[in-house]
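Source file: model22.cif. Holds: mmCIF, C-alpha atoms.
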data_target
#
loop_
_atom_site.label_atom_id
_atom_site.label_comp_id
_atom_site.auth_asym_id
_atom_site.auth_seq_id
_atom_site.Cartn_x
_atom_site.Cartn_y
_atom_site.Cartn_z
CA MET C 847 126.41 110.57 106.54
CA LEU C 848 127.47 107.05 105.60
CA THR C 849 126.74 103.93 107.67
CA ALA C 850 128.12 100.38 107.52
CA SER C 851 127.54 97.36 109.76
CA LEU C 852 130.36 95.18 111.07
CA ALA C 853 130.20 91.97 113.13
CA LEU C 854 133.49 90.73 114.56
CA PRO C 855 133.86 86.91 114.73
CA GLU C 856 134.72 85.50 118.13
CA SER C 857 137.41 83.31 116.60
CA SER C 858 139.44 86.37 115.62
CA TYR C 859 138.41 88.59 118.52
CA PRO C 860 138.14 86.32 121.57
CA ASP C 861 137.27 88.98 124.15
CA ASP C 862 135.61 92.37 124.46
CA ALA C 863 138.92 94.19 124.77
CA ALA C 864 140.10 92.91 121.38
CA ALA C 865 136.82 93.93 119.75
CA ALA C 866 136.90 97.40 121.32
CA SER C 867 140.53 97.84 120.27
CA PHE C 868 139.63 97.03 116.66
CA PHE C 869 136.86 99.63 116.52
CA THR C 870 139.07 102.24 118.20
CA ARG C 871 141.82 101.74 115.59
CA LEU C 872 139.24 101.67 112.79
CA LEU C 873 137.69 104.99 113.81
CA GLU C 874 141.12 106.61 114.10
CA ARG C 875 141.85 105.69 110.48
CA VAL C 876 138.39 106.65 109.22
CA ARG C 877 138.65 110.09 110.81
CA ALA C 878 141.92 110.61 108.95
CA LEU C 879 140.28 110.05 105.54
CA PRO C 880 139.95 113.15 103.30
CA GLY C 881 136.57 114.82 103.59
CA VAL C 882 135.61 113.11 106.87
CA GLU C 883 134.33 115.49 109.55
CA ALA C 884 133.53 112.96 112.29
CA ALA C 885 133.07 109.24 112.81
CA GLY C 886 131.71 106.88 115.43
CA ALA C 887 130.24 103.44 116.00
CA LEU C 888 127.25 102.16 117.96
CA SER C 889 125.29 98.97 118.47
CA THR C 890 121.85 100.36 117.61
CA LEU C 891 121.48 102.82 114.75
CA PRO C 892 118.58 105.29 115.10
CA LEU C 893 115.50 104.35 113.05
CA SER C 894 116.94 100.88 112.47
CA ASN C 895 113.82 99.17 113.89
CA THR C 896 116.03 97.24 116.31
CA PHE C 897 115.85 97.80 120.03
CA GLN C 898 117.75 96.32 122.96
CA ALA C 899 116.26 96.75 126.41
CA SER C 900 116.62 95.26 129.86
CA GLY C 901 115.65 95.89 133.47
CA HIS C 902 117.71 98.61 135.16
CA LEU C 903 117.91 99.30 138.87
CA ILE C 904 117.88 102.98 139.86
CA GLU C 905 119.87 103.64 143.02
CA ASP C 906 117.48 106.32 144.26
CA ILE C 907 114.40 104.17 143.64
CA PRO C 908 114.50 101.01 145.78
CA LEU C 909 112.29 98.11 144.70
CA GLU C 910 110.24 95.74 146.78
CA ASP C 911 111.00 92.05 146.52
CA ASP C 912 108.18 91.39 144.03
CA ASP C 913 108.66 94.57 141.98
CA LEU C 914 110.12 94.50 138.48
CA PRO C 915 112.86 97.00 137.62
CA PRO C 916 112.11 99.62 134.96
CA VAL C 917 112.96 98.48 131.43
CA LEU C 918 115.28 100.87 129.60
CA GLY C 919 116.77 100.65 126.15
CA PHE C 920 120.54 100.57 125.88
CA ALA C 921 123.25 100.86 123.24
CA TYR C 922 127.03 100.65 123.16
CA VAL C 923 128.72 103.69 121.64
CA ALA C 924 132.28 104.66 120.81
CA PRO C 925 133.48 108.11 121.96
CA GLY C 926 132.23 110.86 119.64
CA THR C 927 129.43 108.76 118.13
CA LEU C 928 126.45 110.72 119.45
CA GLU C 929 128.16 113.98 118.48
CA THR C 930 128.64 112.57 114.97
CA LEU C 931 124.92 111.80 114.78
CA GLY C 932 124.03 115.28 116.01
CA VAL C 933 122.54 114.09 119.30
CA GLY C 934 122.93 117.11 121.56
CA LEU C 935 124.48 117.04 125.02
CA ARG C 936 122.03 118.48 127.56
CA ALA C 937 124.07 118.20 130.75
CA GLY C 938 127.43 116.88 131.93
CA ARG C 939 129.92 115.49 129.42
CA GLY C 940 130.06 112.85 126.72
CA LEU C 941 131.79 109.48 126.85
CA GLU C 942 135.57 109.62 126.47
CA LEU C 943 138.17 107.08 125.44
CA SER C 944 139.39 106.90 129.04
CA ASP C 945 135.95 105.69 130.15
CA GLN C 946 136.35 102.78 127.75
CA GLU C 947 139.98 101.96 128.45
CA GLN C 948 139.79 102.30 132.24
CA ARG C 949 136.31 100.70 132.54
CA THR C 950 135.15 103.56 134.75
CA GLY C 951 131.47 102.57 134.63
CA ALA C 952 130.47 105.91 133.10
CA VAL C 953 127.20 106.00 131.14
CA LEU C 954 124.97 108.52 129.40
CA VAL C 955 121.17 108.68 129.69
CA SER C 956 118.60 110.27 127.44
CA GLU C 957 116.50 113.24 128.49
CA SER C 958 113.44 111.05 128.89
CA VAL C 959 115.25 108.85 131.43
CA ALA C 960 116.41 111.88 133.42
CA ARG C 961 112.94 113.39 133.30
CA THR C 962 111.20 110.17 134.41
CA TYR C 963 113.49 109.01 137.23
CA TRP C 964 115.08 112.23 138.48
CA PRO C 965 112.45 114.93 137.83
CA GLY C 966 113.62 118.40 138.79
CA GLN C 967 117.09 117.06 139.66
CA ASN C 968 120.46 116.94 137.99
CA ALA C 969 120.87 113.43 136.63
CA VAL C 970 124.66 113.78 136.41
CA GLY C 971 126.18 111.80 139.25
CA LYS C 972 123.19 109.51 139.71
CA ARG C 973 123.78 105.76 139.55
CA LEU C 974 122.00 102.83 137.95
CA LEU C 975 122.63 99.18 137.15
CA ASN C 976 121.74 96.90 134.26
CA GLY C 977 120.21 93.82 135.90
CA ARG C 978 120.67 92.66 139.46
CA PRO C 979 123.83 93.35 141.49
CA SER C 980 126.24 90.47 141.87
CA ALA C 981 127.35 89.35 145.30
CA ASP C 982 130.91 89.07 143.96
CA ASP C 983 131.03 92.70 142.81
CA PRO C 984 131.47 95.20 145.66
CA ASP C 985 130.66 98.21 143.43
CA PRO C 986 128.44 97.25 140.48
CA TRP C 987 126.78 100.64 140.05
CA LEU C 988 127.27 102.72 136.88
CA THR C 989 127.53 106.51 137.12
CA VAL C 990 125.68 108.93 134.85
CA VAL C 991 128.21 111.44 133.48
CA GLY C 992 125.96 113.14 130.92
CA VAL C 993 122.44 113.62 129.61
CA VAL C 994 121.80 113.61 125.84
CA GLY C 995 118.80 114.34 123.64
CA ASP C 996 116.11 111.76 122.92
CA VAL C 997 116.43 109.65 119.77
CA HIS C 998 113.84 107.74 117.73
CA VAL C 999 115.37 104.27 117.72
CA THR C 1000 112.59 102.11 116.28
CA SER C 1001 110.15 104.41 114.50
CA LEU C 1002 109.39 108.04 113.77
CA THR C 1003 105.75 107.52 114.72
CA GLU C 1004 106.56 106.22 118.21
CA GLU C 1005 107.72 108.25 121.17
CA PRO C 1006 111.54 108.34 121.58
CA GLU C 1007 112.74 105.44 123.68
CA GLU C 1008 114.28 105.87 127.13
CA MET C 1009 117.95 105.04 126.48
CA VAL C 1010 121.15 104.34 128.40
CA TYR C 1011 124.43 104.57 126.47
CA TYR C 1012 127.42 102.44 127.53
CA PRO C 1013 131.05 102.63 126.43
CA LEU C 1014 132.33 99.76 124.27
CA LEU C 1015 134.04 98.41 127.38
CA GLY C 1016 132.03 98.58 130.59
CA LYS C 1017 132.79 97.46 134.10
CA HIS C 1018 131.86 93.87 133.31
CA GLU C 1019 132.93 91.31 130.72
CA GLY C 1020 130.59 89.68 128.22
CA ASP C 1021 129.03 92.68 126.49
CA TRP C 1022 128.31 90.86 123.21
CA ALA C 1023 126.93 93.98 121.52
CA ALA C 1024 130.40 95.55 121.47
CA ARG C 1025 131.24 93.09 118.65
CA GLN C 1026 128.33 94.11 116.39
CA LEU C 1027 128.40 97.80 115.62
CA THR C 1028 127.36 100.19 112.88
CA VAL C 1029 130.01 102.67 111.83
CA VAL C 1030 128.69 106.16 111.08
CA VAL C 1031 130.73 108.72 109.15
CA ARG C 1032 129.93 112.39 108.58
CA THR C 1033 131.45 113.79 105.39
CA ARG C 1034 131.70 117.15 103.67
CA SER C 1035 130.75 115.67 100.28
CA GLU C 1036 128.47 113.01 98.81
CA PRO C 1037 128.68 110.20 101.42
CA SER C 1038 128.33 107.32 98.95
CA LEU C 1039 131.66 108.37 97.37
CA LEU C 1040 133.38 107.49 100.65
CA ALA C 1041 132.20 103.85 100.60
CA PRO C 1042 135.24 102.41 98.72
CA SER C 1043 137.65 104.17 101.08
CA LEU C 1044 135.73 102.95 104.12
CA ARG C 1045 135.85 99.36 102.85
CA GLN C 1046 139.58 99.63 102.20
CA VAL C 1047 140.26 100.93 105.71
CA VAL C 1048 138.34 98.01 107.20
CA TRP C 1049 140.16 95.46 105.04
CA ASP C 1050 143.53 97.01 105.85
CA LEU C 1051 142.85 96.04 109.46
CA ASP C 1052 141.14 92.71 108.73
CA ASP C 1053 140.88 91.51 105.13
CA ASN C 1054 138.49 88.69 106.14
CA LEU C 1055 135.88 90.95 107.71
CA PRO C 1056 132.57 91.29 105.81
CA ILE C 1057 130.96 94.72 105.57
CA ALA C 1058 127.16 94.79 105.46
CA ARG C 1059 124.46 97.36 104.76
CA VAL C 1060 126.66 100.18 103.44
CA ARG C 1061 124.16 103.00 102.91
CA THR C 1062 123.60 106.65 103.65
CA LEU C 1063 121.75 107.78 106.73
CA GLU C 1064 119.29 109.47 104.38
CA ALA C 1065 118.41 106.02 103.01
CA VAL C 1066 117.85 104.78 106.56
CA VAL C 1067 115.48 107.68 107.25
CA ASP C 1068 113.65 107.18 103.94
CA GLU C 1069 113.15 103.50 104.71
CA ALA C 1070 111.83 104.30 108.19
CA ARG C 1071 109.27 106.79 106.95
CA ALA C 1072 108.27 104.92 103.78
CA PRO C 1073 105.07 103.33 105.23
CA ALA C 1074 103.86 106.66 106.61
CA ALA C 1075 104.81 108.45 103.37
CA LEU C 1076 102.84 105.93 101.28
CA THR C 1077 99.82 106.35 103.53
CA ALA C 1078 100.13 110.14 103.31
CA VAL C 1079 100.27 110.03 99.50
CA MET C 1080 97.18 107.80 99.34
CA LEU C 1081 95.32 110.09 101.73
CA LEU C 1082 96.41 113.11 99.68
CA LEU C 1083 95.08 111.56 96.47
CA ALA C 1084 91.80 110.63 98.18
CA ALA C 1085 91.50 114.16 99.57
CA ALA C 1086 92.17 115.68 96.13
CA VAL C 1087 89.46 113.50 94.56
CA ALA C 1088 87.05 114.41 97.38
CA LEU C 1089 87.83 118.10 96.92
CA GLY C 1090 87.20 117.83 93.17
CA LEU C 1091 83.94 115.98 93.68
CA GLY C 1092 82.88 118.56 96.24
CA ALA C 1093 83.59 121.42 93.85
CA VAL C 1094 81.69 119.73 90.99
CA GLY C 1095 78.82 118.88 93.32
CA THR C 1096 78.60 122.42 94.63
CA PHE C 1097 78.62 123.78 91.08
CA GLY C 1098 75.85 121.38 90.05
CA VAL C 1099 73.63 122.12 93.06
CA ILE C 1100 73.94 125.89 92.71
CA SER C 1101 73.36 125.69 88.94
CA TYR C 1102 70.20 123.68 89.53
CA LEU C 1103 68.96 126.13 92.17
CA VAL C 1104 69.61 129.04 89.81
CA SER C 1105 67.62 127.35 87.01
CA GLN C 1106 64.75 126.74 89.44
CA ARG C 1107 64.73 130.43 90.36
CA THR C 1108 64.96 131.80 86.82
CA ALA C 1109 61.50 133.36 86.96
CA GLU C 1110 62.13 134.83 90.39
CA ILE C 1111 65.37 136.38 89.16
CA GLY C 1112 63.56 137.82 86.14
CA VAL C 1113 60.90 139.40 88.36
CA ARG C 1114 63.56 140.83 90.69
CA MET C 1115 65.42 142.38 87.78
CA ALA C 1116 62.20 143.69 86.23
CA LEU C 1117 61.46 145.41 89.53
CA GLY C 1118 64.87 147.10 89.56
CA ALA C 1119 67.32 144.61 91.07
CA ARG C 1120 70.83 145.19 89.79
CA ARG C 1121 73.02 142.48 88.34
CA GLY C 1122 75.42 142.81 91.29
CA ASP C 1123 72.52 142.19 93.68
CA ILE C 1124 71.56 139.01 91.81
CA ARG C 1125 75.16 137.79 91.79
CA LEU C 1126 75.50 138.49 95.51
CA MET C 1127 72.23 136.69 96.27
CA VAL C 1128 73.34 133.52 94.48
CA LEU C 1129 76.82 133.66 96.02
CA ARG C 1130 75.33 134.07 99.48
CA GLN C 1131 73.09 131.07 98.99
CA GLY C 1132 75.98 128.90 97.81
CA MET C 1133 78.32 130.00 100.58
CA VAL C 1134 75.70 129.35 103.27
CA LEU C 1135 75.40 125.78 102.02
CA ALA C 1136 79.18 125.40 101.85
CA ALA C 1137 79.66 126.84 105.35
CA ALA C 1138 77.06 124.46 106.73
CA GLY C 1139 78.83 121.53 105.07
CA ALA C 1140 82.22 122.69 106.37
CA ALA C 1141 80.81 122.96 109.89
CA VAL C 1142 79.49 119.41 109.73
CA GLY C 1143 82.80 118.21 108.33
CA MET C 1144 84.71 119.97 111.11
CA GLY C 1145 82.60 118.23 113.72
CA LEU C 1146 83.19 114.82 112.13
CA ALA C 1147 86.92 115.54 111.78
CA LEU C 1148 87.23 116.45 115.45
CA ALA C 1149 85.55 113.16 116.33
CA PHE C 1150 87.57 110.91 114.03
CA THR C 1151 91.06 112.43 113.62
CA ARG C 1152 92.27 110.67 116.75
CA TRP C 1153 92.28 107.50 114.65
CA LEU C 1154 94.87 109.14 112.37
CA ASP C 1155 97.36 109.72 115.17
CA ALA C 1156 99.54 106.79 114.04
CA PHE C 1157 99.96 108.40 110.58
CA LEU C 1158 100.98 111.84 111.83
CA TYR C 1159 104.48 113.09 112.57
CA GLY C 1160 105.27 116.56 113.79
CA VAL C 1161 101.60 117.60 113.95
CA GLU C 1162 98.86 116.91 116.47
CA PRO C 1163 95.59 115.21 115.41
CA ARG C 1164 93.69 118.39 116.36
CA ASP C 1165 96.22 120.89 115.06
CA LEU C 1166 94.64 124.36 115.10
CA GLY C 1167 96.38 125.51 111.93
CA THR C 1168 95.04 122.55 109.98
CA PHE C 1169 91.51 123.04 111.26
CA LEU C 1170 91.62 126.67 110.17
CA ALA C 1171 93.34 126.18 106.80
CA VAL C 1172 91.24 123.29 105.47
CA PRO C 1173 87.79 124.94 105.93
CA ALA C 1174 89.20 128.14 104.42
CA MET C 1175 90.38 126.17 101.38
CA LEU C 1176 87.04 124.39 101.04
CA LEU C 1177 85.13 127.68 101.23
CA ALA C 1178 87.44 129.15 98.58
CA VAL C 1179 86.69 126.20 96.29
CA ALA C 1180 82.97 126.58 97.00
CA ALA C 1181 83.15 130.30 96.17
CA LEU C 1182 84.83 129.49 92.86
CA ALA C 1183 82.26 126.78 92.08
CA THR C 1184 79.44 129.19 92.88
CA TRP C 1185 80.81 132.13 90.90
CA LEU C 1186 79.95 130.77 87.45
CA PRO C 1187 76.24 130.09 88.23
CA ALA C 1188 76.05 133.46 89.98
CA SER C 1189 77.52 135.26 86.96
CA ARG C 1190 75.15 133.39 84.63
CA ALA C 1191 72.16 134.35 86.77
CA ALA C 1192 73.21 138.00 86.69
CA ARG C 1193 73.21 137.94 82.87
CA ILE C 1194 69.60 136.70 82.55
CA GLU C 1195 67.38 139.21 80.68
CA PRO C 1196 64.12 139.93 82.56
CA ILE C 1197 61.95 139.46 79.46
CA VAL C 1198 63.51 136.02 78.79
CA ALA C 1199 62.89 134.92 82.40
CA LEU C 1200 59.26 136.13 82.36
CA ARG C 1201 58.62 134.51 78.97
CA GLN C 1202 59.80 131.14 80.43
CA GLU C 1203 57.31 131.59 83.26
#
I'd like the structure from this file rewritten - as C-alpha cells, please.
Amino acid sequence: MLTASLALPESSYPDDAAAASFFTRLLERVRALPGVEAAGALSTLPLSNTFQASGHLIEDIPLEDDDLPPVLGFAYVAPGTLETLGVGLRAGRGLELSDQEQRTGAVLVSESVARTYWPGQNAVGKRLLNGRPSADDPDPWLTVVGVVGDVHVTSLTEEPEEMVYYPLLGKHEGDWAARQLTVVVRTRSEPSLLAPSLRQVVWDLDDNLPIARVRTLEAVVDEARAPAALTAVMLLLAAAVALGLGAVGTFGVISYLVSQRTAEIGVRMALGARRGDIRLMVLRQGMVLAAAGAAVGMGLALAFTRWLDAFLYGVEPRDLGTFLAVPAMLLAVAALATWLPASRAARIEPIVALRQE
C-alpha cells in the first residue's frame, strides 16, 4: 500500500464541496491506474500519531446540564477507504458516494463505540451528534449505518481509539478536515513503483498542488513500532548476556562443588558406585540449584512484569506460554552447564581421589 498526503488551499477550493469533488475525481483516476486494486482517502491515517476527537452526544444517553458529552475520535473518509485499508465491516453497510453527495448524515462507528454505548444492541440505526445541537437545525442528528473494526490510530501499544467516521461532505458546512487527506492505494506490485504515476494523476488535476509524505504503509507501521522494537532488541541483548552469565556461573559453581567432593566421590566409587550414579548425583545437585533459582526468578517476574506492559504488543504481561517456556530454557541451559562437571566427576579414578585425601 502507498500513502500520500494532500492539503487543498482554500484559495483554489473555497468550499467543502469543491474539496470533496477534487478527491472524488482523484480517486476515480487513481483506481484506473494499472496494478491498482483499491484506493481511498481519509483525514487520519492509522498509526500516524495524530488524533482528532470531540464531544459527541448519544441520542439514547441523555446528559444532565452539568455533564460533559463522551469524547470520541473522528475521521473523514472517502467511500471505499476503510475497505482499502482492510478494516472489516461488522454490521450494516459502508459509506457510499450518495451519502457524500446527498449529505445524508450517515456515519460509521467502530466496534468499541458500539460496545460501549449500545451494549447488546444493534448500533445500526442509532443516532449521535458531534457537539451541541443548533437551534437553527431541526434535524442535526447523524445516523449510524455501519459498524467497522477497531483501528490503532495513535500507537500500537495503546488500546484502539473509539472512532466515528464521517463522509467527506456531512450535513453541515465547515468540515476543515475534508481538505487535508491522506490518499491510500492498494497495489498488486511494489507500491513505491506507483509513486510517479500517483504524482502525475494529482498534477493532471492541479499542477500547483504539493504532495507530501509519499511512503508505503509498511514504512508507517515500521515508524510506529520503532521505539518498542528498539526496546525489545535492548531487552533481548540484556537477556542473552544474563543467560550467558547464568550458564557460566552455574558451570563454575558445580565445578567448584565437584572439586570439594573429590574425596567423597573417590570413596563412593571405591565402595562400588558406578560412573552413571556419580554423574546422576552431580546432575541432580546442579538441577536442584537451578530449579530453586528458576522458582525465585518466576516469583520476581510475576511481581515485576506488570511494569513491562507498555513494551508488550500481542502478549499479556503474565502470558502462560512465556512463563512455561523461559524456565524450561533456563533449566536446559543449567543441565548443559552441569553436564561437563558431572562427566568429569564420573571419570575420577578412586585411587587418585583417595591419594588427594
Selection in question (the file shown): the PyMOL selection byres ((chain C and resi 958) around 12). Which residues does it include, as a count of residues only? 27
Go ahead and compute the interatomic distance for atom CA of C:Val1128 and atom CA of C:Phe1169, in Å to one decimal. 26.9 Å
Expected selection from the PyMOL selection byres ((chain C and resi 1164-1166) around 10), given as a ChimeraX atom specification: /C:1147-1152,1155,1161-1163,1167-1171
Just write the chosen residues, C-alpha atoms, as a PDB file, in the coordinates of the input.
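After the write, selection.pdb holds the following:
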ATOM      1  CA  ALA C1147      86.920 115.540 111.780  1.00  0.00           C
ATOM      2  CA  LEU C1148      87.230 116.450 115.450  1.00  0.00           C
ATOM      3  CA  ALA C1149      85.550 113.160 116.330  1.00  0.00           C
ATOM      4  CA  PHE C1150      87.570 110.910 114.030  1.00  0.00           C
ATOM      5  CA  THR C1151      91.060 112.430 113.620  1.00  0.00           C
ATOM      6  CA  ARG C1152      92.270 110.670 116.750  1.00  0.00           C
ATOM      7  CA  ASP C1155      97.360 109.720 115.170  1.00  0.00           C
ATOM      8  CA  VAL C1161     101.600 117.600 113.950  1.00  0.00           C
ATOM      9  CA  GLU C1162      98.860 116.910 116.470  1.00  0.00           C
ATOM     10  CA  PRO C1163      95.590 115.210 115.410  1.00  0.00           C
ATOM     11  CA  GLY C1167      96.380 125.510 111.930  1.00  0.00           C
ATOM     12  CA  THR C1168      95.040 122.550 109.980  1.00  0.00           C
ATOM     13  CA  PHE C1169      91.510 123.040 111.260  1.00  0.00           C
ATOM     14  CA  LEU C1170      91.620 126.670 110.170  1.00  0.00           C
ATOM     15  CA  ALA C1171      93.340 126.180 106.800  1.00  0.00           C
TER      16      ALA C1171
END
Give me the result of the PyMOL selection byres ((chain C and resi 1037-1046) around 9) on this file, residue by residue, as a list in words.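 That expression, the PyMOL selection byres ((chain C and resi 1037-1046) around 9), corresponds here to Met847, Leu848, Thr849, Ala850, Val876, Leu879, Gly881, Val882, Val1031, Arg1032, Thr1033, Arg1034, Ser1035, Glu1036, Val1047, Val1048, Trp1049, Asp1050, Leu1051, Asp1053, Ile1057, Val1060, Arg1061 and Thr1062 of chain C.
Minimum distance to C:Arg1107 across C:Val991, C:Thr896, C:Gly971, C:Ala1191 (counting only C-alpha atoms) occurs at C:Ala1191.
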Figure out the distance between atom CA of C:Ala1072 and atom CA of C:Val1172, please, to one decimal in Å.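 Distance reported for this atom pair: 25.1 Å.
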Residues within 12 Å of (111.7, 102.8, 116.2), file coordinates, counting all atoms listed in the file: what are they? Give the list as a VMD selection string. chain C and resid 890 to 898 919 997 to 1008 1066 to 1067 1069 to 1071
So the first atom is atom CA of C:Thr1096 and the second is atom CA of C:Gly1132; what is the distance between them in Å, to one decimal place? 7.7 Å
Between C:Val1134, C:Ile1124, C:Leu1081, C:Ala1074, which one has atoms that come closest to C:Val1104, using only C-alpha atoms? C:Ile1124
Can you work out which one of C:Gly1143, C:Gly1098, C:Pro855, C:Gly951 has the shortest atom-to-atom distance to C:Tyr1012, counting only C-alpha atoms? C:Gly951
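For the set C:Leu974, C:Ala884, C:Ile1194, C:Ala1183, the residue with the smallest atom-to-atom gap to C:Thr930 is C:Ala884, counting all atoms listed in the file.
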Considering only C-alpha atoms, return as a PyMOL selection string whatever protein or nucleic-acid residues lie within 8 Å of C:Leu873, sequence-local ones (same chain, fewer than 6 positions apart) excluded. chain C and resi 885-887
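In this comparison, which uses only C-alpha atoms, the residue of C:Phe920, C:Ile904, C:Leu1186, C:Gly926 approaching C:Leu988 most closely is C:Ile904.
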